[in-house]
Amino acid sequence: MPRTYDAIIVGARCAGSPTAMLLARKGYDVLVVDQASFPSDTISTHLIHPPGVALLQSWGLLDRVVATGCPAIGTYTFDFGPFALKGTPGPAASPVSYAPRRTVLDAILVNAAAEAGAEVREEFTVEEVLVEDGRVVGIRGHGRDGGSVTERARVVVGADGRHSLVAKTVRPERYHEKPPLEVSYYSYWSGLPMDGGFEAYDLGDRAFAAWPTNDDLTLVICGRPIAEFDAVRKDIEGDYLRTVDGAPRFRDRIRAAKREDRFYGTSVPNYFHTPAGPGWALVGDAGYNKDFITAQGISDAFKDAERCVTALDESFTGHRPFEEAMAAYRSARDAHALPIFEFTCQFAMLQPPPPQLQQVLGAARGNQDAMDGFARIFSGVVSPADYFSEENVGRIFAAAAE
Ligand SMILES: Cc1cc2nc3c(=O)[nH]c(=O)nc-3n(C[C@H](O)[C@H](O)[C@H](O)COP(=O)(O)OP(=O)(O)OC[C@H]3O[C@@H](n4cnc5c(N)ncnc54)[C@H](O)[C@@H]3O)c2cc1C
């Protein structure tokens with residue numbers, strides 16, 4: 001009989017490797033493939049908020065990230081021009097963020113999957129997702145030698161990112177869809193110390209943010225509304241420098257620094273996909289994507305891995321039918337993601353905050369609880385719905401009036 005894996009995972013970065021690792025740790029027979037080899041970079045900045053850091057910790061991988069010399073980030077500052085809000089991104093149990101380079105992070109995740117017992121095939125490209133009688137049953141692809149290989153599994157998990165072949169094959173329902181809203185370019189700078197802080201600057205029709213990463217480098221990313229896409233692409237460096245010039249104190253710091261890399265950039269669509277069906281599941285960007293302005297993607301990919309593996313385990317062990325377990329995965333994902341998705345899409349339009357929001361943010365100034373709360377919306381710890389509830393906004397205004 002040909003071998004049938006419990007699961008084949010297509011894609012081995014933030015969503016795929018943790019999914020493979022967690023399944024393998026439960027004793028399942030797992031194959032994870034990626035067309036890339038590791039370590040390797042990908043177009044993505046890499047701020048991991050405290051909820052993502054807490055998952056790395058619970059998986060026993062945070063020490064490996066810290067050992068690469070990647071600095072902790074303990075404060076988030078949002079500069080709105082006339083005033084700034086400075087808060088802490090996480091609670092006492094998980095107070096800091098990290099921003100390891102993807103060369104560093106993804107290699108740690110792939111190695112952890114292999115150590116857990118998953119079979120990892122790098123430089124393996126999936127060309128076809130095999131479907132029989134309406135059910136996904138495996139993959140066909142090729143490795144380094146180019147020979148065609150077919151593998152079968154009880155479930156194929158698409159962790160293959162925004163251009164997911166698994167999603168293209170199974171055609172999941174797509175909902176809450178929004179087009180790309182902004183375009184951003186980023187690069188890495190030396191001689192730009194951040195003192196363990198993330199800083200974001202809202203300049204009305206543009207925004208930028210900076211935070212520290214490995215090798216004493218600082219990542220600076222500048223964003224513009226999508227309508228400016230063509231103009232930005234014609235003069236990436238000029239537009240980037242004009243954007244940081246909008247914040248005079250930061251301008252002086254970056255002018256004294258040295259750019260160490262080229263510019264990387266893109267824009268992305270916003271959508272949810274139904275994350276499972278007969279013989280298939282989706283995790284990470286393949287299942288749900290949103291603008292990167294609030295840097296949720298890596299932490300969300302980690303959460304998907306946890307939730308999807310819980311559901312697959314329930315189904316494999318016969319505790320719950322596959323459809324029911326996967327429906328629970330979908331509703332937990334969507335309940336968590338939808339409020340921050342809407343907040344992110346609003347933010348990514350890069351328009352001045354509406355007057356009501358400006359009043360709330362102005363009132364939060366100097367109120368440490370309120371500033372921590374705002375930082376924690378961004379870090380995915382506090383739901384925007386809770387922060388902007390009548391009750392909480394009332395508290396913020398009452399404190400400001402004292
Ligand atoms: C500009 C930008 C900035 C971002 N900044 C942040 C940030 O600061 N913080 C944050 O949390 N998130 C950020 N994100 C989002 C983050 O990059 C993604 O959410 C995250 O990478 C999703 O991980 P994933 O594993 O789902 O997909 P990916 O990281 O895209 O990995 C998919 C993998 O699948 C493999 N693959 C695809 N097709 C095949 C195939 N046919 N065969 C074999 N392998 C295949 C690819 O080679 C790839 O390695 C940013 C994104 C962008 C674009």
# chains A, B, ... in the order shown; residues from 1 in each chain; ligands from 1
>>> residues_near_ligand(ligand="ligand 1", cutoff="6 Å", atoms="only C-alpha atoms and all ligand atoms", output="PDB file with N, CA and C atoms, in the first residue's frame")
ATOM      1  N   VAL A  10       1.452  22.273   3.075  1.00  0.00           N
ATOM      2  CA  VAL A  10       2.110  22.970   1.955  1.00  0.00           C
ATOM      3  C   VAL A  10       2.501  24.367   2.446  1.00  0.00           C
ATOM      4  N   GLY A  11       3.817  24.619   2.572  1.00  0.00           N
ATOM      5  CA  GLY A  11       4.299  25.901   3.112  1.00  0.00           C
ATOM      6  C   GLY A  11       4.862  25.688   4.498  1.00  0.00           C
ATOM      7  N   ALA A  12       6.084  26.188   4.718  1.00  0.00           N
ATOM      8  CA  ALA A  12       6.774  25.858   5.988  1.00  0.00           C
ATOM      9  C   ALA A  12       7.223  27.099   6.756  1.00  0.00           C
ATOM     10  N   ARG A  13       6.493  28.212   6.579  1.00  0.00           N
ATOM     11  CA  ARG A  13       6.906  29.409   7.347  1.00  0.00           C
ATOM     12  C   ARG A  13       6.036  29.548   8.607  1.00  0.00           C
ATOM     13  N   CYS A  14       5.508  30.765   8.861  1.00  0.00           N
ATOM     14  CA  CYS A  14       4.876  31.043  10.173  1.00  0.00           C
ATOM     15  C   CYS A  14       3.657  30.179  10.468  1.00  0.00           C
ATOM     16  N   ALA A  15       2.906  29.822   9.426  1.00  0.00           N
ATOM     17  CA  ALA A  15       1.720  28.996   9.660  1.00  0.00           C
ATOM     18  C   ALA A  15       2.050  27.511   9.523  1.00  0.00           C
ATOM     19  N   GLY A  16       2.824  27.167   8.496  1.00  0.00           N
ATOM     20  CA  GLY A  16       3.024  25.760   8.166  1.00  0.00           C
ATOM     21  C   GLY A  16       3.893  25.009   9.153  1.00  0.00           C
ATOM     22  N   VAL A  33       6.165  20.586   3.224  1.00  0.00           N
ATOM     23  CA  VAL A  33       7.001  20.898   2.056  1.00  0.00           C
ATOM     24  C   VAL A  33       7.004  22.397   1.805  1.00  0.00           C
ATOM     25  N   ASP A  34       8.091  22.875   1.241  1.00  0.00           N
ATOM     26  CA  ASP A  34       8.159  24.281   0.832  1.00  0.00           C
ATOM     27  C   ASP A  34       9.059  24.400  -0.373  1.00  0.00           C
ATOM     28  N   GLN A  35       8.662  25.267  -1.290  1.00  0.00           N
ATOM     29  CA  GLN A  35       9.520  25.467  -2.465  1.00  0.00           C
ATOM     30  C   GLN A  35      10.793  26.226  -2.097  1.00  0.00           C
ATOM     31  N   ALA A  36      10.763  26.928  -0.967  1.00  0.00           N
ATOM     32  CA  ALA A  36      11.947  27.664  -0.504  1.00  0.00           C
ATOM     33  C   ALA A  36      12.871  26.723   0.265  1.00  0.00           C
ATOM     34  N   ILE A  43       9.199  38.697   1.612  1.00  0.00           N
ATOM     35  CA  ILE A  43       8.807  40.111   1.743  1.00  0.00           C
ATOM     36  C   ILE A  43       7.793  40.249   2.858  1.00  0.00           C
ATOM     37  N   SER A  44       8.294  40.661   3.996  1.00  0.00           N
ATOM     38  CA  SER A  44       7.453  40.842   5.177  1.00  0.00           C
ATOM     39  C   SER A  44       8.300  41.492   6.259  1.00  0.00           C
ATOM     40  N   THR A  45       7.746  42.517   6.912  1.00  0.00           N
ATOM     41  CA  THR A  45       8.395  42.934   8.153  1.00  0.00           C
ATOM     42  C   THR A  45       8.018  41.882   9.201  1.00  0.00           C
ATOM     43  N   HIS A  46       8.397  42.043  10.453  1.00  0.00           N
ATOM     44  CA  HIS A  46       8.378  40.864  11.320  1.00  0.00           C
ATOM     45  C   HIS A  46       8.206  41.195  12.798  1.00  0.00           C
ATOM     46  N   LEU A  47       7.360  42.197  13.055  1.00  0.00           N
ATOM     47  CA  LEU A  47       7.039  42.503  14.451  1.00  0.00           C
ATOM     48  C   LEU A  47       6.095  41.418  14.971  1.00  0.00           C
ATOM     49  N   ILE A  48       6.483  40.787  16.066  1.00  0.00           N
ATOM     50  CA  ILE A  48       5.600  39.766  16.669  1.00  0.00           C
ATOM     51  C   ILE A  48       5.111  40.324  18.000  1.00  0.00           C
ATOM     52  N   PHE A 124      10.807  21.852  -2.436  1.00  0.00           N
ATOM     53  CA  PHE A 124       9.813  20.951  -3.030  1.00  0.00           C
ATOM     54  C   PHE A 124       8.607  21.809  -3.426  1.00  0.00           C
ATOM     55  N   THR A 125       8.321  21.859  -4.722  1.00  0.00           N
ATOM     56  CA  THR A 125       7.230  22.700  -5.230  1.00  0.00           C
ATOM     57  C   THR A 125       5.998  21.847  -5.500  1.00  0.00           C
ATOM     58  N   VAL A 126       4.894  22.227  -4.892  1.00  0.00           N
ATOM     59  CA  VAL A 126       3.636  21.526  -5.172  1.00  0.00           C
ATOM     60  C   VAL A 126       3.047  22.109  -6.449  1.00  0.00           C
ATOM     61  N   GLU A 127       2.782  21.241  -7.414  1.00  0.00           N
ATOM     62  CA  GLU A 127       2.218  21.697  -8.697  1.00  0.00           C
ATOM     63  C   GLU A 127       0.719  21.451  -8.773  1.00  0.00           C
ATOM     64  N   ALA A 159      -0.723  26.034   3.849  1.00  0.00           N
ATOM     65  CA  ALA A 159      -0.043  27.091   4.612  1.00  0.00           C
ATOM     66  C   ALA A 159       0.837  27.827   3.621  1.00  0.00           C
ATOM     67  N   ASP A 160       0.271  27.969   2.418  1.00  0.00           N
ATOM     68  CA  ASP A 160       1.071  28.428   1.292  1.00  0.00           C
ATOM     69  C   ASP A 160       0.815  29.877   0.926  1.00  0.00           C
ATOM     70  N   GLY A 161       0.407  30.679   1.920  1.00  0.00           N
ATOM     71  CA  GLY A 161       0.413  32.127   1.772  1.00  0.00           C
ATOM     72  C   GLY A 161      -0.696  32.683   0.894  1.00  0.00           C
ATOM     73  N   SER A 164      -1.981  31.050  -2.397  1.00  0.00           N
ATOM     74  CA  SER A 164      -2.155  29.635  -2.093  1.00  0.00           C
ATOM     75  C   SER A 164      -2.703  28.789  -3.255  1.00  0.00           C
ATOM     76  N   LEU A 165      -1.934  27.775  -3.633  1.00  0.00           N
ATOM     77  CA  LEU A 165      -2.401  26.809  -4.637  1.00  0.00           C
ATOM     78  C   LEU A 165      -3.519  25.943  -4.051  1.00  0.00           C
ATOM     79  N   GLY A 265       8.949  46.216  -0.759  1.00  0.00           N
ATOM     80  CA  GLY A 265       7.603  46.745  -0.541  1.00  0.00           C
ATOM     81  C   GLY A 265       6.543  46.018  -1.316  1.00  0.00           C
ATOM     82  N   THR A 266       5.319  46.274  -0.938  1.00  0.00           N
ATOM     83  CA  THR A 266       4.172  45.667  -1.609  1.00  0.00           C
ATOM     84  C   THR A 266       2.876  46.243  -1.056  1.00  0.00           C
ATOM     85  N   GLY A 284      -2.943  30.494   8.288  1.00  0.00           N
ATOM     86  CA  GLY A 284      -2.140  31.663   7.926  1.00  0.00           C
ATOM     87  C   GLY A 284      -2.798  32.463   6.806  1.00  0.00           C
ATOM     88  N   ASP A 285      -1.960  33.121   6.007  1.00  0.00           N
ATOM     89  CA  ASP A 285      -2.475  34.020   4.963  1.00  0.00           C
ATOM     90  C   ASP A 285      -3.315  33.294   3.926  1.00  0.00           C
ATOM     91  N   ALA A 286      -3.114  32.011   3.762  1.00  0.00           N
ATOM     92  CA  ALA A 286      -3.930  31.255   2.806  1.00  0.00           C
ATOM     93  C   ALA A 286      -5.404  31.284   3.236  1.00  0.00           C
ATOM     94  N   PHE A 292      -0.861  44.745   6.483  1.00  0.00           N
ATOM     95  CA  PHE A 292       0.179  44.515   7.494  1.00  0.00           C
ATOM     96  C   PHE A 292       0.377  45.708   8.411  1.00  0.00           C
ATOM     97  N   ALA A 295       0.435  44.715  11.810  1.00  0.00           N
ATOM     98  CA  ALA A 295       1.393  43.629  12.075  1.00  0.00           C
ATOM     99  C   ALA A 295       0.774  42.446  12.836  1.00  0.00           C
ATOM    100  N   GLN A 296      -0.359  41.960  12.330  1.00  0.00           N
ATOM    101  CA  GLN A 296      -1.034  40.838  13.014  1.00  0.00           C
ATOM    102  C   GLN A 296      -0.688  39.473  12.411  1.00  0.00           C
ATOM    103  N   GLY A 297      -0.143  39.447  11.182  1.00  0.00           N
ATOM    104  CA  GLY A 297      -0.110  38.213  10.392  1.00  0.00           C
ATOM    105  C   GLY A 297       0.635  37.054  11.032  1.00  0.00           C
ATOM    106  N   ILE A 298       1.799  37.327  11.612  1.00  0.00           N
ATOM    107  CA  ILE A 298       2.596  36.221  12.164  1.00  0.00           C
ATOM    108  C   ILE A 298       1.896  35.656  13.403  1.00  0.00           C
ATOM    109  N   SER A 299       1.451  36.554  14.284  1.00  0.00           N
ATOM    110  CA  SER A 299       0.748  36.068  15.488  1.00  0.00           C
ATOM    111  C   SER A 299      -0.517  35.313  15.095  1.00  0.00           C
ATOM    112  N   ALA A 301      -1.009  33.686  12.307  1.00  0.00           N
ATOM    113  CA  ALA A 301      -0.615  32.393  11.732  1.00  0.00           C
ATOM    114  C   ALA A 301      -0.335  31.393  12.859  1.00  0.00           C
TER     115      ALA A 301
END
>>> closest_atom_pairs(of="stretch 122-224 of chain A", to="stretch 343-349 of chain A", cutoff="12 Å", atoms="only C-alpha atoms", output="tab-separated table")
residue	atom	partner	partner_atom	distance
A:His176	CA	A:Cys345	CA	10.7
A:Glu177	CA	A:Cys345	CA	10.4
A:Lys178	CA	A:Cys345	CA	8.1
A:Pro179	CA	A:Cys345	CA	9.7
A:Pro180	CA	A:Ala348	CA	8.9
A:Leu181	CA	A:Met349	CA	5.5
A:Glu182	CA	A:Ala348	CA	5.9
A:Val183	CA	A:Ala348	CA	9.1
A:Ser184	CA	A:Ala348	CA	10.2
A:Asp202	CA	A:Phe347	CA	9.9
A:Gly204	CA	A:Met349	CA	10.1
A:Asp205	CA	A:Met349	CA	8.5
A:Arg206	CA	A:Met349	CA	9.2
A:Ala207	CA	A:Ala348	CA	9.3
A:Phe208	CA	A:Ala348	CA	11.4
A:Cys222	CA	A:Ala348	CA	11.7
A:Gly223	CA	A:Ala348	CA	8.5
A:Arg224	CA	A:Met349	CA	8.4
>>> closest_residue(among="A:Arg242, A:Arg154, A:Arg121, A:His273", to="A:His142", atoms="only C-alpha atoms")
A:Arg121
>>> select_by_dssp(residues="stretch 265-396 of chain A", states="alpha helix (DSSP H)", output="VMD selection string")
chain A and resid 297 to 316 322 to 348 355 to 364 368 to 378 384 to 387 390 to 396
>>> closest_residue(among="A:Asp239, A:Asp300, A:Asp106, A:Glu199", to="A:Tyr185", atoms="only C-alpha atoms")
A:Asp239
>>> closest_residue(among="A:Ala72, A:Val104, A:Ala332, A:Leu61", to="A:Ser40", atoms="only C-alpha atoms")
A:Val104
>>> atom_distance(atom1="atom CA of A:Ala370", atom2="atom CA of A:Thr243")
27.9 Å
>>> closest_residue(among="A:Met194, A:Val65, A:Ala281, A:Ala375", to="A:Thr294", atoms="only C-alpha atoms")
A:Ala375
>>> residues_around(residues="A:Val136", least_positions_apart="6", cutoff="9 Å", atoms="only C-alpha atoms", output="ChimeraX atom specification")
/A:129-130,153-156,170,277-280
>>> write_last_selection(atoms="N, CA, C and O atoms", output="PDB file, in the first residue's frame")
ATOM      1  N   VAL A 129      -2.839  19.939  -6.427  1.00  0.00           N
ATOM      2  CA  VAL A 129      -3.490  19.360  -5.249  1.00  0.00           C
ATOM      3  C   VAL A 129      -4.456  18.307  -5.783  1.00  0.00           C
ATOM      4  O   VAL A 129      -5.301  18.611  -6.638  1.00  0.00           O
ATOM      5  N   LEU A 130      -4.305  17.076  -5.330  1.00  0.00           N
ATOM      6  CA  LEU A 130      -5.079  15.975  -5.913  1.00  0.00           C
ATOM      7  C   LEU A 130      -6.467  15.879  -5.281  1.00  0.00           C
ATOM      8  O   LEU A 130      -6.594  15.871  -4.045  1.00  0.00           O
ATOM      9  N   ALA A 153      -2.496  11.966   1.740  1.00  0.00           N
ATOM     10  CA  ALA A 153      -2.698  12.247   3.164  1.00  0.00           C
ATOM     11  C   ALA A 153      -4.185  12.262   3.498  1.00  0.00           C
ATOM     12  O   ALA A 153      -5.024  12.421   2.596  1.00  0.00           O
ATOM     13  N   ARG A 154      -4.468  12.114   4.794  1.00  0.00           N
ATOM     14  CA  ARG A 154      -5.865  12.227   5.231  1.00  0.00           C
ATOM     15  C   ARG A 154      -6.352  13.666   5.083  1.00  0.00           C
ATOM     16  O   ARG A 154      -7.514  13.924   4.849  1.00  0.00           O
ATOM     17  N   VAL A 155      -5.394  14.623   5.261  1.00  0.00           N
ATOM     18  CA  VAL A 155      -5.755  16.034   5.083  1.00  0.00           C
ATOM     19  C   VAL A 155      -4.551  16.788   4.524  1.00  0.00           C
ATOM     20  O   VAL A 155      -3.407  16.499   4.893  1.00  0.00           O
ATOM     21  N   VAL A 156      -4.827  17.693   3.597  1.00  0.00           N
ATOM     22  CA  VAL A 156      -3.781  18.583   3.072  1.00  0.00           C
ATOM     23  C   VAL A 156      -4.058  19.974   3.633  1.00  0.00           C
ATOM     24  O   VAL A 156      -5.163  20.510   3.480  1.00  0.00           O
ATOM     25  N   VAL A 170      -9.307  24.441  -4.077  1.00  0.00           N
ATOM     26  CA  VAL A 170     -10.555  24.080  -3.377  1.00  0.00           C
ATOM     27  C   VAL A 170     -11.606  25.185  -3.449  1.00  0.00           C
ATOM     28  O   VAL A 170     -12.759  24.967  -3.095  1.00  0.00           O
ATOM     29  N   GLY A 277     -12.584  22.106   4.394  1.00  0.00           N
ATOM     30  CA  GLY A 277     -13.576  21.367   3.615  1.00  0.00           C
ATOM     31  C   GLY A 277     -13.094  19.928   3.506  1.00  0.00           C
ATOM     32  O   GLY A 277     -12.102  19.550   4.159  1.00  0.00           O
ATOM     33  N   PRO A 278     -13.726  19.131   2.637  1.00  0.00           N
ATOM     34  CA  PRO A 278     -13.391  17.707   2.591  1.00  0.00           C
ATOM     35  C   PRO A 278     -11.908  17.450   2.261  1.00  0.00           C
ATOM     36  O   PRO A 278     -11.452  17.701   1.151  1.00  0.00           O
ATOM     37  N   GLY A 279     -11.166  16.998   3.243  1.00  0.00           N
ATOM     38  CA  GLY A 279      -9.763  16.638   3.044  1.00  0.00           C
ATOM     39  C   GLY A 279      -8.800  17.818   3.043  1.00  0.00           C
ATOM     40  O   GLY A 279      -7.612  17.624   2.784  1.00  0.00           O
ATOM     41  N   TRP A 280      -9.252  19.024   3.328  1.00  0.00           N
ATOM     42  CA  TRP A 280      -8.347  20.184   3.294  1.00  0.00           C
ATOM     43  C   TRP A 280      -8.616  21.158   4.426  1.00  0.00           C
ATOM     44  O   TRP A 280      -9.705  21.203   5.002  1.00  0.00           O
TER      45      TRP A 280
END
>>> closest_residue(among="A:Pro339, A:Gly394, A:Pro355, A:Gly191", to="A:Asp252", atoms="only C-alpha atoms")
A:Gly191
>>> closest_residue(among="A:Gly27, A:Gly158, A:Pro71, A:Gly134", to="A:Ile9", atoms="only C-alpha atoms")
A:Gly158
>>> atom_distance(atom1="atom CA of A:Leu357", atom2="atom CA of A:Val393")
10.0 Å
>>> residues_around(residues="A:Leu55", least_positions_apart="6", cutoff="10 Å", atoms="only C-alpha atoms", output="PDB file with N, CA, C and O atoms, in the first residue's frame")
ATOM      1  N   PRO A  18       4.693  25.662  12.407  1.00  0.00           N
ATOM      2  CA  PRO A  18       4.050  25.375  13.699  1.00  0.00           C
ATOM      3  C   PRO A  18       2.933  24.339  13.589  1.00  0.00           C
ATOM      4  O   PRO A  18       2.752  23.506  14.482  1.00  0.00           O
ATOM      5  N   LEU A  61      10.133  27.853  22.092  1.00  0.00           N
ATOM      6  CA  LEU A  61      10.998  28.395  21.023  1.00  0.00           C
ATOM      7  C   LEU A  61      11.454  29.826  21.273  1.00  0.00           C
ATOM      8  O   LEU A  61      12.312  30.338  20.539  1.00  0.00           O
ATOM      9  N   LEU A  62      10.895  30.467  22.310  1.00  0.00           N
ATOM     10  CA  LEU A  62      11.255  31.877  22.514  1.00  0.00           C
ATOM     11  C   LEU A  62      12.736  32.041  22.853  1.00  0.00           C
ATOM     12  O   LEU A  62      13.390  32.965  22.351  1.00  0.00           O
ATOM     13  N   SER A  94       3.059  38.572  29.650  1.00  0.00           N
ATOM     14  CA  SER A  94       3.729  38.560  28.334  1.00  0.00           C
ATOM     15  C   SER A  94       3.884  40.016  27.887  1.00  0.00           C
ATOM     16  O   SER A  94       3.131  40.515  27.070  1.00  0.00           O
ATOM     17  N   SER A 299       1.451  36.554  14.284  1.00  0.00           N
ATOM     18  CA  SER A 299       0.748  36.068  15.488  1.00  0.00           C
ATOM     19  C   SER A 299      -0.517  35.313  15.095  1.00  0.00           C
ATOM     20  O   SER A 299      -0.840  34.273  15.689  1.00  0.00           O
ATOM     21  N   PHE A 302       0.318  31.859  13.925  1.00  0.00           N
ATOM     22  CA  PHE A 302       0.590  30.969  15.070  1.00  0.00           C
ATOM     23  C   PHE A 302      -0.724  30.494  15.703  1.00  0.00           C
ATOM     24  O   PHE A 302      -0.890  29.320  16.038  1.00  0.00           O
ATOM     25  N   LYS A 303      -1.682  31.455  15.846  1.00  0.00           N
ATOM     26  CA  LYS A 303      -2.977  31.075  16.462  1.00  0.00           C
ATOM     27  C   LYS A 303      -3.705  30.075  15.584  1.00  0.00           C
ATOM     28  O   LYS A 303      -4.316  29.121  16.083  1.00  0.00           O
ATOM     29  N   GLU A 306      -2.380  26.609  16.147  1.00  0.00           N
ATOM     30  CA  GLU A 306      -2.915  26.013  17.381  1.00  0.00           C
ATOM     31  C   GLU A 306      -4.351  25.526  17.174  1.00  0.00           C
ATOM     32  O   GLU A 306      -4.696  24.397  17.518  1.00  0.00           O
TER      33      GLU A 306
END
